[in-house]
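Input: a single structure, listed below in structure tokens.
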Amino acid sequence: MPNTDNNPHILGTERIGKLLLQYSIPAIIGMTLTSLYNIIDSVFIGHGVGPLAISGLAISFPLMNLIMAFCTLVGVGGATISSIRLGQKDKHGASEVLGNVLMLCIINAVLFGSVSLYFLDDILRFFGASEGTLPYARDFMQIILLGTPISYTMIGLNNVMRATGYPKKAMLTSMVTVGCNIVLAPIFIFHFQWGMRGAGTATVISQFVGMVWILYHFMNKESYIHFEKGLYRLKRRIVMSIFGIGMSPFLMNVCASAVVIIINNSLQTNGGDLAIGAYGIINRVLTLFVMIVLGLTMGMQPIIGYNFGAKVFERVRKTLKYGIITGIVITSVGFIACELFPHVIVAMFTDNAELTEIAYTGLRITVMLFPLVGCQIVITNFFQSIGMAKISIFLSLSRQLLYLLPFLLFFSSVWGVKGVWSSMPVSDFLAFVTAVLMLLYHLKKMKKKYAAAVL
């Protein structure tokens, strides 16, 4: 048995506030660092390659979202199932999930990476690439797609490592990969002058180092959950459970990809390549705060999953309460920073005057109701953590398809580029209202079903 700090059974006994700090802070640091190295990539590319390179990077966002979609389908689903198994005192079941996660990551990476590479130019043109931005997007994505087996294995298993009692090690994975990327990216971009290929190469090498770190952890017999013989064969019940839980973040990323494609094409029509570059800057900035909230939910997930599996519903409720408050605080900080210092933020990415002006205007409009986003994300991931995949999927899709897409199409046809920006706060508000109403309804049902819980 590992030491007390790494014993997953403390999830059912330790104070919720202490657990949330213990699990969420490492996850938040990890997700923040991951987002920061994407931002740093954009900064290096913007100043080292040029403004069209920023636009080329923005063109690649939908494909990056699809890469993440297939990765989270397995990683998040596997993490949730493994923590529920541990709550049920089923260590062998959690080990089976680990083996299946590894195999699914490899299979998904090979299939998705090879198909995307073959049709890459057609995909990028469909995503809004022009003759000016296509070469930049192609150079970057060719390297990233070749490295998908590495990135899938690293991200997928890192989720399971966090969920099985090792949040600090999961955080260190991100620290190691970000540290490597920060060192390698400027060398490859500026010194060797590899441009977009240099940025992609730095990312893949950094993820390889992180993957080695994670594989070493799971090969160590002292780890509470580790690789065991005979657990690598895919089992239908495990695969279906993983896909069922992971379908929510998967569809969220797929829908995000679809919406970004429409946004890019709308911006290309109404504002050209630099408008797409402006969205790339805005996307990177807002993603930083979204990733921090997602780090919070990653810390919440094993606590909620374990206690839900153990039927200790008061602890589930308290974790949710703390999570919602913290999520709103995080996105409120993002709102204040973007409204007060938009020029400073945009200047980090580019010194091009036209690109700066477009991004400045867009940033201030898109964050108008950003504080509500933190609450919506936490509620969506709460339903995912207790295994209510259908509700989580609906809430994931509500902002992207139910609200953002129709407003995006209508507003852009009326107001052009400003209409694209305006559609985002409107959809944020409606998605927030939907999530809160759904949560209140199901908490009421839980109160009736479990009278002993203080709901």
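For the structure tokens, the naming scheme is as follows: chains receive sequential letters (A, B, ...) according to their order of presentation, residues are indexed from 1 within each chain, and ligands are indexed from 1 in presentation order.
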Between segment 53-132 of chain A and segment 363-382 of chain A, at 12 Å or less, what are the per-residue closest atom pairs and their distances in Å? Count only C-alpha atoms, order by chain and rising residue number, and return it as a tab-separated table.
residue	atom	partner	partner_atom	distance
A:Val76	CA	A:Asn381	CA	10.3
A:Gly77	CA	A:Asn381	CA	11.6
A:Thr80	CA	A:Asn381	CA	10.6
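Among A:Ser95, A:Lys311, A:Leu437, A:Leu405, the residue with the shortest atom-to-atom distance to Lys449 of chain A, counting only C-alpha atoms, is A:Lys311.
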### Message
Report as a list of chain:residue names all protein, DNA and RNA residues lying within 10 Å of Tyr23 of chain A, evaluated on only C-alpha atoms, omitting residues in the same chain fewer than 5 positions from it.
### Response
A:Leu11, A:Lys18, A:Ile28, A:Arg162, A:Ala163, A:Gly165, A:Tyr166, A:Pro167, A:Lys168, A:Ala170, A:Met171, A:Gly295, A:Leu296, A:Thr297, A:Met298, A:Gly299, A:Met300, A:Gln301, A:Pro302, A:Ile303
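Counting only C-alpha atoms, the residue from A:Asn220, A:Asn283, A:Thr72, A:Gln22 that sits nearest to Ile10 of chain A is A:Gln22.
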Which polymer residues have any atom within 6 Å of an atom of segment 183-198 of chain A, counting only C-alpha atoms, with same-chain residues fewer than 3 positions away left out, as a PDB file with N, CA and C atoms, in the first residue's frame?
ATOM      1  N   ASP A 139       2.503  23.120 -42.107  1.00  0.00           N
ATOM      2  CA  ASP A 139       3.798  22.827 -41.488  1.00  0.00           C
ATOM      3  C   ASP A 139       3.641  22.449 -40.014  1.00  0.00           C
ATOM      4  N   PHE A 140       2.765  23.147 -39.329  1.00  0.00           N
ATOM      5  CA  PHE A 140       2.564  22.883 -37.904  1.00  0.00           C
ATOM      6  C   PHE A 140       1.853  21.554 -37.678  1.00  0.00           C
ATOM      7  N   CYS A 180      10.133  21.741 -20.956  1.00  0.00           N
ATOM      8  CA  CYS A 180      10.852  21.346 -22.172  1.00  0.00           C
ATOM      9  C   CYS A 180      10.440  22.211 -23.356  1.00  0.00           C
ATOM     10  N   THR A 201       7.638  20.611 -33.521  1.00  0.00           N
ATOM     11  CA  THR A 201       8.657  19.663 -33.054  1.00  0.00           C
ATOM     12  C   THR A 201       8.907  19.825 -31.565  1.00  0.00           C
ATOM     13  N   ALA A 202       8.977  21.062 -31.093  1.00  0.00           N
ATOM     14  CA  ALA A 202       9.179  21.314 -29.669  1.00  0.00           C
ATOM     15  C   ALA A 202       8.036  20.719 -28.846  1.00  0.00           C
TER      16      ALA A 202
END
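Residue nearest Met175 of chain A within the list A:Gly416, A:Pro26, A:Gly230, A:Gly334: A:Pro26 [criterion: smallest interatomic distance, only C-alpha atoms].
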